[in-house]
Every structure is written in structure tokens, then in C-alpha cells.
file protein_38.cif (mmCIF, C-alpha atoms and all ligand atoms)
data_query
loop_
_atom_site.group_PDB
_atom_site.id
_atom_site.type_symbol
_atom_site.label_atom_id
_atom_site.label_comp_id
_atom_site.auth_asym_id
_atom_site.auth_seq_id
_atom_site.Cartn_x
_atom_site.Cartn_y
_atom_site.Cartn_z
ATOM 1 C CA MET A 233 0.000 0.000 0.000
ATOM 2 C CA LYS A 234 2.778 2.393 1.022
ATOM 3 C CA ILE A 235 4.665 1.785 -2.247
ATOM 4 C CA VAL A 236 1.546 2.514 -4.264
ATOM 5 C CA LEU A 237 1.147 5.805 -2.414
ATOM 6 C CA ILE A 238 4.795 6.733 -2.963
ATOM 7 C CA ILE A 239 4.546 5.950 -6.669
ATOM 8 C CA ALA A 240 1.346 7.987 -6.924
ATOM 9 C CA PHE A 241 3.080 10.890 -5.161
ATOM 10 C CA LEU A 242 6.120 10.673 -7.455
ATOM 11 C CA LEU A 243 3.945 10.559 -10.562
ATOM 12 C CA GLN A 244 2.051 13.592 -9.373
ATOM 13 C CA ALA A 245 5.301 15.449 -8.604
ATOM 14 C CA ALA A 246 6.740 14.592 -12.034
ATOM 15 C CA ASN A 247 3.514 15.693 -13.646
ATOM 16 C CA SER A 248 3.418 19.031 -11.856
ATOM 17 C CA LEU A 249 7.079 19.581 -12.781
ATOM 18 C CA SER A 250 6.381 18.975 -16.460
ATOM 19 C CA GLN A 251 3.355 21.273 -16.158
ATOM 20 C CA SER A 252 5.317 24.129 -14.619
ATOM 21 C CA LYS A 253 5.025 27.204 -16.768
ATOM 22 C CA GLN A 254 7.422 30.088 -16.986
ATOM 23 C CA VAL A 255 7.270 33.470 -18.646
ATOM 24 C CA CYS A 256 9.727 36.322 -19.006
ATOM 25 C CA PHE A 257 8.261 39.832 -19.366
ATOM 26 C CA SER A 258 10.268 42.036 -21.739
ATOM 27 C CA TYR A 259 9.584 45.699 -22.453
ATOM 28 C CA ASP A 260 10.829 47.374 -25.625
ATOM 29 C CA ASP A 261 11.542 50.989 -26.548
ATOM 30 C CA LEU A 262 12.712 52.220 -23.130
ATOM 31 C CA PRO A 263 12.817 54.650 -21.451
ATOM 32 C CA VAL A 264 9.201 55.317 -22.518
ATOM 33 C CA VAL A 265 6.888 55.211 -25.533
ATOM 34 C CA GLY A 266 5.183 58.577 -25.035
ATOM 35 C CA TYR A 267 3.466 59.008 -28.426
ATOM 36 C CA GLY A 268 4.858 62.494 -28.823
ATOM 37 C CA VAL A 269 4.109 63.629 -25.266
ATOM 38 C CA GLU A 270 7.367 65.273 -24.178
ATOM 39 C CA ASP A 271 6.255 66.345 -20.694
ATOM 40 C CA PRO A 272 8.964 64.865 -18.420
ATOM 41 C CA ALA A 273 6.512 64.337 -15.530
ATOM 42 C CA PHE A 274 4.124 62.370 -17.761
ATOM 43 C CA ARG A 275 6.933 60.158 -19.038
ATOM 44 C CA GLN A 276 8.428 59.673 -15.596
ATOM 45 C CA ASN A 277 5.022 58.701 -14.247
ATOM 46 C CA ILE A 278 4.623 55.945 -16.861
ATOM 47 C CA LEU A 279 7.943 54.310 -16.065
ATOM 48 C CA SER A 280 7.640 54.765 -12.299
ATOM 49 C CA ARG A 281 4.270 53.049 -12.170
ATOM 50 C CA LEU A 282 5.445 50.250 -14.440
ATOM 51 C CA ILE A 283 8.478 49.667 -12.204
ATOM 52 C CA LYS A 284 6.267 49.748 -9.090
ATOM 53 C CA SER A 285 3.928 47.039 -10.416
ATOM 54 C CA LEU A 286 6.814 44.818 -11.520
ATOM 55 C CA LYS A 287 8.533 45.217 -8.159
ATOM 56 C CA GLN A 288 5.408 44.607 -6.089
ATOM 57 C CA ASN A 289 4.694 41.443 -8.043
ATOM 58 C CA LYS A 290 8.338 40.304 -8.041
ATOM 59 C CA VAL A 291 8.491 40.120 -11.828
ATOM 60 C CA PRO A 292 12.144 40.100 -13.005
ATOM 61 C CA ALA A 293 11.607 41.969 -16.271
ATOM 62 C CA ILE A 294 14.080 43.196 -18.865
ATOM 63 C CA GLY A 295 13.790 46.483 -20.770
ATOM 64 C CA PHE A 296 15.310 47.120 -24.192
ATOM 65 C CA VAL A 297 16.632 50.632 -24.735
ATOM 66 C CA ASN A 298 16.783 52.949 -27.739
ATOM 67 C CA GLU A 299 19.425 55.402 -26.553
ATOM 68 C CA ALA A 300 18.419 57.916 -29.265
ATOM 69 C CA LYS A 301 15.498 58.658 -26.947
ATOM 70 C CA LEU A 302 17.934 59.964 -24.336
ATOM 71 C CA TYR A 303 18.681 62.996 -26.525
ATOM 72 C CA GLY A 304 16.554 66.118 -26.786
ATOM 73 C CA GLN A 305 16.989 69.237 -28.923
ATOM 74 C CA SER A 306 19.656 70.563 -26.613
ATOM 75 C CA GLY A 307 21.540 67.330 -26.109
ATOM 76 C CA ILE A 308 21.470 64.560 -23.571
ATOM 77 C CA MET A 309 18.488 64.549 -21.201
ATOM 78 C CA ASN A 310 19.530 63.582 -17.699
ATOM 79 C CA ASP A 311 15.979 62.871 -16.589
ATOM 80 C CA GLN A 312 15.705 60.147 -19.242
ATOM 81 C CA ILE A 313 18.979 58.590 -18.078
ATOM 82 C CA ASN A 314 17.683 58.758 -14.520
ATOM 83 C CA MET A 315 14.682 56.724 -15.548
ATOM 84 C CA LEU A 316 16.981 53.950 -16.785
ATOM 85 C CA ARG A 317 18.890 54.216 -13.519
ATOM 86 C CA GLN A 318 15.663 53.753 -11.540
ATOM 87 C CA TRP A 319 14.837 50.688 -13.632
ATOM 88 C CA ILE A 320 18.210 49.088 -12.799
ATOM 89 C CA GLU A 321 18.098 50.131 -9.143
ATOM 90 C CA SER A 322 14.755 48.328 -8.892
ATOM 91 C CA GLY A 323 16.517 45.087 -9.799
ATOM 92 C CA LEU A 324 15.368 45.065 -13.423
ATOM 93 C CA GLU A 325 17.633 44.331 -16.374
ATOM 94 C CA LEU A 326 18.437 46.328 -19.506
ATOM 95 C CA GLY A 327 19.259 45.213 -23.033
ATOM 96 C CA ASN A 328 20.176 46.899 -26.321
ATOM 97 C CA HIS A 329 17.462 47.606 -28.929
ATOM 98 C CA THR A 330 19.746 49.601 -31.292
ATOM 99 C CA PHE A 331 20.332 53.343 -30.895
ATOM 100 C CA SER A 332 17.633 54.514 -33.289
ATOM 101 C CA HIS A 333 15.281 51.553 -33.700
ATOM 102 C CA LEU A 334 16.640 50.612 -37.121
ATOM 103 C CA ASP A 335 14.903 48.145 -39.392
ATOM 104 C CA TYR A 336 17.409 45.436 -40.399
ATOM 105 C CA ASN A 337 15.310 44.618 -43.481
ATOM 106 C CA THR A 338 16.125 48.024 -44.940
ATOM 107 C CA THR A 339 19.639 48.695 -43.617
ATOM 108 C CA THR A 340 23.038 47.229 -44.334
ATOM 109 C CA LEU A 341 24.902 45.129 -41.803
ATOM 110 C CA THR A 342 27.456 47.939 -41.366
ATOM 111 C CA GLU A 343 24.844 50.607 -40.651
ATOM 112 C CA TYR A 344 22.949 48.286 -38.347
ATOM 113 C CA THR A 345 25.922 47.135 -36.303
ATOM 114 C CA GLN A 346 27.197 50.720 -35.907
ATOM 115 C CA ASP A 347 23.789 51.617 -34.549
ATOM 116 C CA ILE A 348 23.978 48.722 -32.076
ATOM 117 C CA LEU A 349 27.350 49.954 -30.781
ATOM 118 C CA LYS A 350 26.107 53.546 -30.613
ATOM 119 C CA GLY A 351 23.149 52.303 -28.604
ATOM 120 C CA GLU A 352 25.108 50.781 -25.742
ATOM 121 C CA GLN A 353 26.919 53.812 -24.339
ATOM 122 C CA PHE A 354 24.760 54.768 -21.340
ATOM 123 C CA SER A 355 23.129 51.390 -20.747
ATOM 124 C CA ARG A 356 26.497 49.678 -20.385
ATOM 125 C CA GLN A 357 27.757 52.295 -17.905
ATOM 126 C CA LEU A 358 24.584 52.221 -15.819
ATOM 127 C CA LEU A 359 24.555 48.426 -15.679
ATOM 128 C CA ALA A 360 28.266 48.287 -14.773
ATOM 129 C CA LYS A 361 27.583 50.471 -11.717
ATOM 130 C CA ALA A 362 25.177 47.757 -10.557
ATOM 131 C CA ASN A 363 27.706 45.001 -11.443
ATOM 132 C CA MET A 364 25.578 43.912 -14.359
ATOM 133 C CA ASP A 365 26.507 43.331 -17.998
ATOM 134 C CA LEU A 366 24.759 44.546 -21.101
ATOM 135 C CA LYS A 367 24.337 41.172 -22.738
ATOM 136 C CA TYR A 368 20.949 40.942 -24.463
ATOM 137 C CA PHE A 369 20.004 42.296 -27.860
ATOM 138 C CA ARG A 370 16.450 42.604 -29.165
ATOM 139 C CA HIS A 371 15.902 43.254 -32.894
ATOM 140 C CA PRO A 372 13.539 46.193 -33.579
ATOM 141 C CA PHE A 373 10.386 44.993 -35.388
ATOM 142 C CA LEU A 374 11.699 41.461 -34.657
ATOM 143 C CA HIS A 375 13.512 41.690 -38.010
ATOM 144 C CA ILE A 376 16.394 39.274 -37.606
ATOM 145 C CA GLY A 377 17.604 39.212 -41.227
ATOM 146 C CA ASN A 378 15.559 38.467 -44.348
ATOM 147 C CA SER A 379 18.152 36.074 -45.759
ATOM 148 C CA LYS A 380 20.416 33.437 -44.284
ATOM 149 C CA ASP A 381 23.443 35.597 -45.100
ATOM 150 C CA LYS A 382 22.088 38.634 -43.273
ATOM 151 C CA PHE A 383 20.996 36.507 -40.328
ATOM 152 C CA ASP A 384 24.361 34.730 -40.065
ATOM 153 C CA SER A 385 26.477 37.854 -40.443
ATOM 154 C CA LEU A 386 24.535 39.697 -37.737
ATOM 155 C CA ASN A 387 24.764 36.702 -35.422
ATOM 156 C CA MET A 388 28.509 36.631 -35.922
ATOM 157 C CA PHE A 389 28.714 40.308 -34.959
ATOM 158 C CA LEU A 390 26.503 39.766 -31.921
ATOM 159 C CA SER A 391 28.541 36.860 -30.608
ATOM 160 C CA GLU A 392 31.819 38.727 -31.204
ATOM 161 C CA HIS A 393 30.411 41.505 -29.024
ATOM 162 C CA ASN A 394 29.125 39.091 -26.389
ATOM 163 C CA TYR A 395 25.471 39.754 -27.134
ATOM 164 C CA ILE A 396 22.795 37.115 -26.770
ATOM 165 C CA THR A 397 19.667 37.457 -28.898
ATOM 166 C CA ALA A 398 16.511 37.964 -26.840
ATOM 167 C CA PRO A 399 13.783 36.104 -28.749
ATOM 168 C CA VAL A 400 10.036 36.645 -28.397
ATOM 169 C CA THR A 401 7.539 33.806 -28.298
ATOM 170 C CA ILE A 402 4.325 35.600 -27.286
ATOM 171 C CA ASP A 403 4.218 38.221 -30.022
ATOM 172 C CA ASN A 404 1.246 40.560 -29.964
ATOM 173 C CA GLU A 405 -0.045 44.014 -30.883
ATOM 174 C CA ASP A 406 0.098 45.698 -27.477
ATOM 175 C CA TYR A 407 1.386 48.775 -29.306
ATOM 176 C CA VAL A 408 -1.835 49.060 -31.343
ATOM 177 C CA PHE A 409 -3.935 48.896 -28.157
ATOM 178 C CA ALA A 410 -1.566 51.423 -26.549
ATOM 179 C CA LEU A 411 -1.967 53.893 -29.417
ATOM 180 C CA ALA A 412 -5.767 53.569 -29.279
ATOM 181 C CA TYR A 413 -5.559 54.060 -25.493
ATOM 182 C CA GLU A 414 -3.476 57.202 -25.931
ATOM 183 C CA LYS A 415 -5.994 58.613 -28.456
ATOM 184 C CA ALA A 416 -8.788 57.979 -25.935
ATOM 185 C CA ARG A 417 -6.748 59.712 -23.214
ATOM 186 C CA VAL A 418 -6.136 62.776 -25.380
ATOM 187 C CA LYS A 419 -9.909 62.960 -25.994
ATOM 188 C CA GLY A 420 -10.484 62.710 -22.244
ATOM 189 C CA ASN A 421 -12.664 59.631 -22.810
ATOM 190 C CA SER A 422 -12.029 57.616 -19.671
ATOM 191 C CA SER A 423 -14.804 55.074 -20.292
ATOM 192 C CA LEU A 424 -13.269 54.265 -23.681
ATOM 193 C CA MET A 425 -9.874 53.914 -21.991
ATOM 194 C CA LYS A 426 -11.404 51.400 -19.580
ATOM 195 C CA GLN A 427 -12.989 49.475 -22.442
ATOM 196 C CA ILE A 428 -9.645 49.321 -24.289
ATOM 197 C CA GLY A 429 -7.890 48.175 -21.117
ATOM 198 C CA ALA A 430 -10.429 45.417 -20.502
ATOM 199 C CA ASP A 431 -10.217 44.228 -24.118
ATOM 200 C CA TYR A 432 -6.428 44.359 -23.944
ATOM 201 C CA LEU A 433 -6.413 41.889 -21.043
ATOM 202 C CA ILE A 434 -8.810 39.543 -22.876
ATOM 203 C CA TYR A 435 -6.676 39.729 -26.027
ATOM 204 C CA MET A 436 -3.436 39.068 -24.134
ATOM 205 C CA GLU A 437 -4.933 36.027 -22.429
ATOM 206 C CA GLU A 438 -6.015 34.704 -25.845
ATOM 207 C CA LYS A 439 -2.476 35.251 -27.132
ATOM 208 C CA LEU A 440 -1.008 33.472 -24.125
ATOM 209 C CA VAL A 441 -3.293 30.465 -24.625
ATOM 210 C CA TYR A 442 -2.640 30.468 -28.381
ATOM 211 C CA TYR A 443 1.163 30.403 -28.030
ATOM 212 C CA GLU A 444 0.983 27.898 -25.201
ATOM 213 C CA ASN A 445 -0.939 25.585 -27.534
ATOM 214 C CA GLN A 446 1.493 26.304 -30.384
ATOM 215 C CA ALA A 447 4.404 25.309 -28.121
ATOM 216 C CA GLN A 448 2.534 22.149 -27.126
ATOM 217 C CA SER A 449 1.970 21.280 -30.800
ATOM 218 C CA LEU A 450 5.588 21.884 -31.701
ATOM 219 C CA PHE A 451 7.422 20.512 -28.666
ATOM 220 C CA GLY A 452 4.794 18.382 -26.930
ATOM 221 C CA ARG A 453 5.275 20.395 -23.726
ATOM 222 C CA ASN A 454 5.156 23.874 -22.248
ATOM 223 C CA ILE A 455 8.190 25.984 -22.987
ATOM 224 C CA SER A 456 9.520 29.023 -21.143
ATOM 225 C CA GLN A 457 7.703 31.824 -22.928
ATOM 226 C CA ILE A 458 8.990 35.335 -23.552
ATOM 227 C CA VAL A 459 6.361 38.023 -23.990
ATOM 228 C CA LEU A 460 7.013 41.265 -25.842
ATOM 229 C CA LEU A 461 5.517 44.416 -24.342
ATOM 230 C CA HIS A 462 6.258 48.123 -24.692
ATOM 231 C CA ALA A 463 6.987 50.746 -22.047
ATOM 232 C CA ASN A 464 3.814 52.768 -22.596
ATOM 233 C CA LEU A 465 0.923 54.198 -20.572
ATOM 234 C CA LEU A 466 -1.376 51.224 -21.247
ATOM 235 C CA ASN A 467 1.192 48.795 -19.873
ATOM 236 C CA ALA A 468 1.863 51.053 -16.868
ATOM 237 C CA ASP A 469 -1.861 51.187 -16.073
ATOM 238 C CA TYR A 470 -2.432 47.463 -16.688
ATOM 239 C CA ALA A 471 0.871 45.848 -15.607
ATOM 240 C CA HIS A 472 -0.612 44.519 -12.386
ATOM 241 C CA SER A 473 -3.729 43.138 -14.127
ATOM 242 C CA LEU A 474 -1.661 41.564 -16.903
ATOM 243 C CA ILE A 475 0.547 39.870 -14.318
ATOM 244 C CA GLN A 476 -2.608 38.456 -12.707
ATOM 245 C CA VAL A 477 -3.710 37.071 -16.102
ATOM 246 C CA PHE A 478 -0.474 35.087 -16.336
ATOM 247 C CA ARG A 479 -0.720 34.031 -12.675
ATOM 248 C CA LYS A 480 -4.272 32.778 -13.236
ATOM 249 C CA ASN A 481 -2.868 30.618 -16.046
ATOM 250 C CA LYS A 482 -0.280 29.167 -13.621
ATOM 251 C CA TYR A 483 2.756 31.037 -14.899
ATOM 252 C CA ASP A 484 5.823 31.833 -12.812
ATOM 253 C CA PHE A 485 7.826 34.905 -13.748
ATOM 254 C CA VAL A 486 11.469 34.380 -14.660
ATOM 255 C CA SER A 487 14.426 36.399 -15.924
ATOM 256 C CA MET A 488 15.656 36.258 -19.507
ATOM 257 C CA ASP A 489 18.613 34.131 -18.299
ATOM 258 C CA GLN A 490 16.242 31.593 -16.797
ATOM 259 C CA ALA A 491 13.840 31.520 -19.768
ATOM 260 C CA LEU A 492 16.669 30.880 -22.225
ATOM 261 C CA LYS A 493 17.762 27.771 -20.319
ATOM 262 C CA ASP A 494 14.858 26.035 -22.031
ATOM 263 C CA ASP A 495 16.217 23.782 -24.801
ATOM 264 C CA ALA A 496 13.473 25.012 -27.116
ATOM 265 C CA TYR A 497 15.699 28.045 -27.740
ATOM 266 C CA LYS A 498 18.323 25.780 -29.306
ATOM 267 C CA THR A 499 15.913 25.069 -32.174
ATOM 268 C CA LYS A 500 17.490 26.093 -35.476
ATOM 269 C CA ILE A 501 15.945 28.785 -37.672
ATOM 270 C CA THR A 502 16.403 27.840 -41.316
ATOM 271 C CA VAL A 503 13.653 29.824 -43.057
ATOM 272 C CA PHE A 504 13.978 33.571 -43.557
ATOM 273 C CA GLY A 505 11.719 36.382 -44.696
ATOM 274 C CA LYS A 506 10.783 39.997 -44.054
ATOM 275 C CA TRP A 507 8.477 39.046 -41.222
ATOM 276 C CA GLY A 508 8.692 40.135 -37.589
ATOM 277 C CA ILE A 509 7.100 37.172 -35.839
ATOM 278 C CA SER A 510 7.198 34.891 -32.821
ATOM 279 C CA TRP A 511 10.135 32.498 -32.578
ATOM 280 C CA ILE A 512 7.589 29.694 -32.229
ATOM 281 C CA ASP A 513 6.371 30.548 -35.739
ATOM 282 C CA ARG A 514 9.969 30.694 -37.035
ATOM 283 C CA TRP A 515 10.764 27.295 -35.518
ATOM 284 C CA ALA A 516 7.517 25.835 -36.864
ATOM 285 C CA MET A 517 8.243 27.075 -40.381
ATOM 286 C CA SER A 518 11.816 25.818 -40.104
ATOM 287 C CA ARG A 519 10.410 22.384 -39.235
ATOM 288 C CA GLY A 520 8.198 22.509 -42.316
ATOM 289 C CA GLU A 521 4.867 23.263 -40.595
ATOM 290 C CA LYS A 522 2.340 24.768 -42.994
ATOM 291 C CA GLY A 523 -1.032 26.613 -43.094
ATOM 292 C CA ASP A 524 -3.122 24.760 -40.539
ATOM 293 C CA PHE A 525 -0.485 24.939 -37.829
ATOM 294 C CA PHE A 526 -0.739 28.721 -37.709
ATOM 295 C CA LYS A 527 -4.541 28.945 -37.677
ATOM 296 C CA GLY A 528 -6.532 30.609 -34.940
ATOM 297 C CA GLU A 529 -4.160 33.412 -33.956
ATOM 298 C CA PRO A 530 -6.143 36.005 -31.964
ATOM 299 C CA ARG A 531 -6.820 39.246 -33.819
ATOM 300 C CA THR A 532 -6.816 42.784 -32.511
ATOM 301 C CA PRO A 533 -10.455 43.994 -32.426
ATOM 302 C CA ASP A 534 -11.413 46.212 -35.391
ATOM 303 C CA TYR A 535 -12.417 49.180 -33.226
ATOM 304 C CA ILE A 536 -8.935 49.208 -31.652
ATOM 305 C CA VAL A 537 -7.267 49.195 -35.082
ATOM 306 C CA SER A 538 -9.557 52.005 -36.307
ATOM 307 C CA LEU A 539 -8.948 54.094 -33.215
ATOM 308 C CA ALA A 540 -5.191 53.620 -33.503
ATOM 309 C CA ARG A 541 -5.282 54.643 -37.179
ATOM 310 C CA ALA A 542 -7.565 57.657 -36.676
ATOM 311 C CA LYS A 543 -5.905 61.035 -37.327
ATOM 312 C CA ASN A 544 -7.036 62.411 -33.987
HETATM 313 ZN ZN ZN B 601 10.993 48.368 -30.549
#
call {"tool": "encode", "arguments": {"input": "protein_38.cif", "output": "C-alpha cells"}}
result
Amino acid sequence: MKIVLIIAFLLQAANSLSQSKQVCFSYDDLPVVGYGVEDPAFRQNILSRLIKSLKQNKVPAIGFVNEAKLYGQSGIMNDQINMLRQWIESGLELGNHTFSHLDYNTTTLTEYTQDILKGEQFSRQLLAKANMDLKYFRHPFLHIGNSKDKFDSLNMFLSEHNYITAPVTIDNEDYVFALAYEKARVKGNSSLMKQIGADYLIYMEEKLVYYENQAQSLFGRNISQIVLLHANLLNADYAHSLIQVFRKNKYDFVSMDQALKDDAYKTKITVFGKWGISWIDRWAMSRGEKGDFFKGEPRTPDYIVSLARAKN
């Protein structure tokens, strides 16, 4: 009887281990995506509240910086650098996202790599003061090279400069929701803002379930997911709620280091195009998956797209 119980316990433990789910939260375009709002207090408020939610919920996030955003008309803006400092001092990590958010599909390797080096100046110094390294690189638009040659040559550069690529598995259009949200804010329409926020959480949960299922189809198990978000007002207002969505789905929050320990990230990418897509989709295409595999991806609601596109 005892042995049966022990075996049952072990099976249950093994099962819960294989069911453990991990996610890394990554935020692009730091210090802040302000949609043209230059007011330092407004920008500071976005990042401060985002940091507060991450800290309170013990989420070890990483932020990817465009250092071009640290410069104003009269040179370097210390308040923007201070915001990066606050991020690091809160125990969060920083990575490089190029200096000026270049699109690798439309730039040469030389231009692109110069922009990467230009984009590490302040981040590297700030991290060093906290005994941290600048080691992760995130491609703007998730454009990793539209041919094998471009992909390989950039990878060679990155490894020579001790950079590790930071992939994305839960790709989404948070930036479209965020732009619609900003338009609603400018109009002073707080009920519309609430509606957008609520629909954003529903959409993100659908995305999470979709990519979880995609990982199951491809690997037969859960993988450590990496979600792409942006440092904007919507994500500052809804960080706590979004964290709860992942918690409700039994996710633990991990660092980029921890997420990348998953062997899924060793999967080779052998198919290239102009697309900026989830790594799960890249791996699936590289393994020869076709049409049906990619069906059912959640769509951004039409009213959000229209609002985001509207002139005012
Ligand atoms: Zn970006």
C-alpha cells in the first residue's frame, strides 16, 4: 500500500514539474513610448508606475533601450537617463534595442551594427555600476535578417560583441492597443480607456493560450515563454492586471537568463523572410509546418485598429 502511495506521489510530482510554466516579461523601446508627449513628468510617471507594479509582483523583467530617446533638442536629457537608472536600481535588467530603432530589413549590416554599438553607451555604464553586464540584444520589429546571409552575419557580430539574442515567443499588438488608449486619453474619454484596457487583457490572455498551444503542438510540452511588451501608458496602467492574467494561467515569472535555459531556444531557424514574428512561428516554419499549424491566432479587435489609425 505504502509503495503505491509513494509511486502515486512521485507521478504527481513529475507531472506538476512537467506542467510548470514560466514566462519572461520584456519591455521594448525604453525609457518610454510617449506618443509624442514630451512632458517629463508624464513620461516619468509611466515608467515609475510600471516599475512599481513589476517590483510589487516580483516580476524580473528586462527592458530594451533605444538610446536615441535619451537625446533632446539641446543634447542629452539627464531625466531620461535617470529613468533607466531607476529601472536598474529596482533590480530590473536592460538590453540593447539599437540606438535609433533601425529596421534590419532596410539597412546594411554595417549601418545596423554601428547603430547597435552607438546604442550601448549609457546602458552599459549604468549596468556596470550595478555590477551587471549589457548582454541581451532585441531586434527592432523582430527583423532578424531576411536572408540566411544577413541573419548569419549579424549573429557573428553579436557573438563577437558578447550579445545574446533575446527572442520573443508571445508576439502581440500591445502597441496598437496602446496607441488607441493614448488617443482615448487625449480625448479625455475615460470610459473608452477602460474598455480598451479590458479588451487588452482579454486579447493578451487569448495570445497566451494560443502560443501555449502552439508550443505544445511543436514541442509536446510547455516551454519558457517570452512576452514582448512596450513601455507605454497602457502597460503602466495594466501591468498589475496583466501579471494576474499570467498568474491565473499558472505562470511563474522568470528572468531572460532563466527563460533561455529552455532547450526550445536551441531550435534552429532555417527559413527567412521579411516578417517580424514569434520564434515559435519561425521554428515551426523551419520544421516545415504549414497553413493549418498557424490557424486561430487572436486578432486585434477592429475598433482598436480604427482608433489607432484615426488622425485624432
Ligand atoms: Zn521596438
call {"tool": "resolve_selection", "arguments": {"input": "protein_38.cif", "expression": "the PyMOL selection byres (((chain A and resi 325) around 12) and not hetatm)", "output": "VMD selection string"}}
result
chain A and resid 256 to 260 262 283 286 291 to 297 316 to 324 326 to 328 355 to 356 358 to 360 362 to 369 486 to 489
call {"tool": "closest_atom_pairs", "arguments": {"input": "protein_38.cif", "of": "chain A", "to": "ligand ZN 601 (chain B)", "cutoff": "7 Å", "atoms": "all atoms listed in the file", "output": "CSV"}}
result
residue,atom,partner,partner_atom,distance
A:Asp260,CA,B:ZN601,ZN,5.0
A:Asp261,CA,B:ZN601,ZN,4.8
A:His329,CA,B:ZN601,ZN,6.7
A:His333,CA,B:ZN601,ZN,6.2
A:Pro372,CA,B:ZN601,ZN,4.5
A:Phe373,CA,B:ZN601,ZN,5.9
call {"tool": "write_last_selection", "arguments": {"input": "protein_38.cif", "atoms": "C-alpha atoms", "output": "short mmCIF file (atom, residue, chain, number, x, y, z; two decimals), in the coordinates of the input"}}
result
data_model
loop_
_atom_site.label_atom_id
_atom_site.label_comp_id
_atom_site.auth_asym_id
_atom_site.auth_seq_id
_atom_site.Cartn_x
_atom_site.Cartn_y
_atom_site.Cartn_z
CA ASP A 260 10.83 47.37 -25.62
CA ASP A 261 11.54 50.99 -26.55
CA HIS A 329 17.46 47.61 -28.93
CA HIS A 333 15.28 51.55 -33.70
CA PRO A 372 13.54 46.19 -33.58
CA PHE A 373 10.39 44.99 -35.39
#
call {"tool": "residues_around", "arguments": {"input": "protein_38.cif", "residues": "Val255 in chain A", "least_positions_apart": "5", "cutoff": "12 Å", "atoms": "only C-alpha atoms", "output": "count of residues only"}}
result
34
call {"tool": "resolve_selection", "arguments": {"input": "protein_38.cif", "expression": "the PyMOL selection byres (((chain A and resi 266) around 12) and not hetatm)", "output": "ChimeraX atom specification"}}
result
/A:261-265,267-279,301,407,410-411,413-415,462-468
call {"tool": "resolve_selection", "arguments": {"input": "protein_38.cif", "expression": "the PyMOL selection byres (((chain A and resi 338) around 12) and not hetatm)", "output": "number ranges by chain"}}
result
A: 333-337, 339-344, 372-373, 375-378, 382, 506
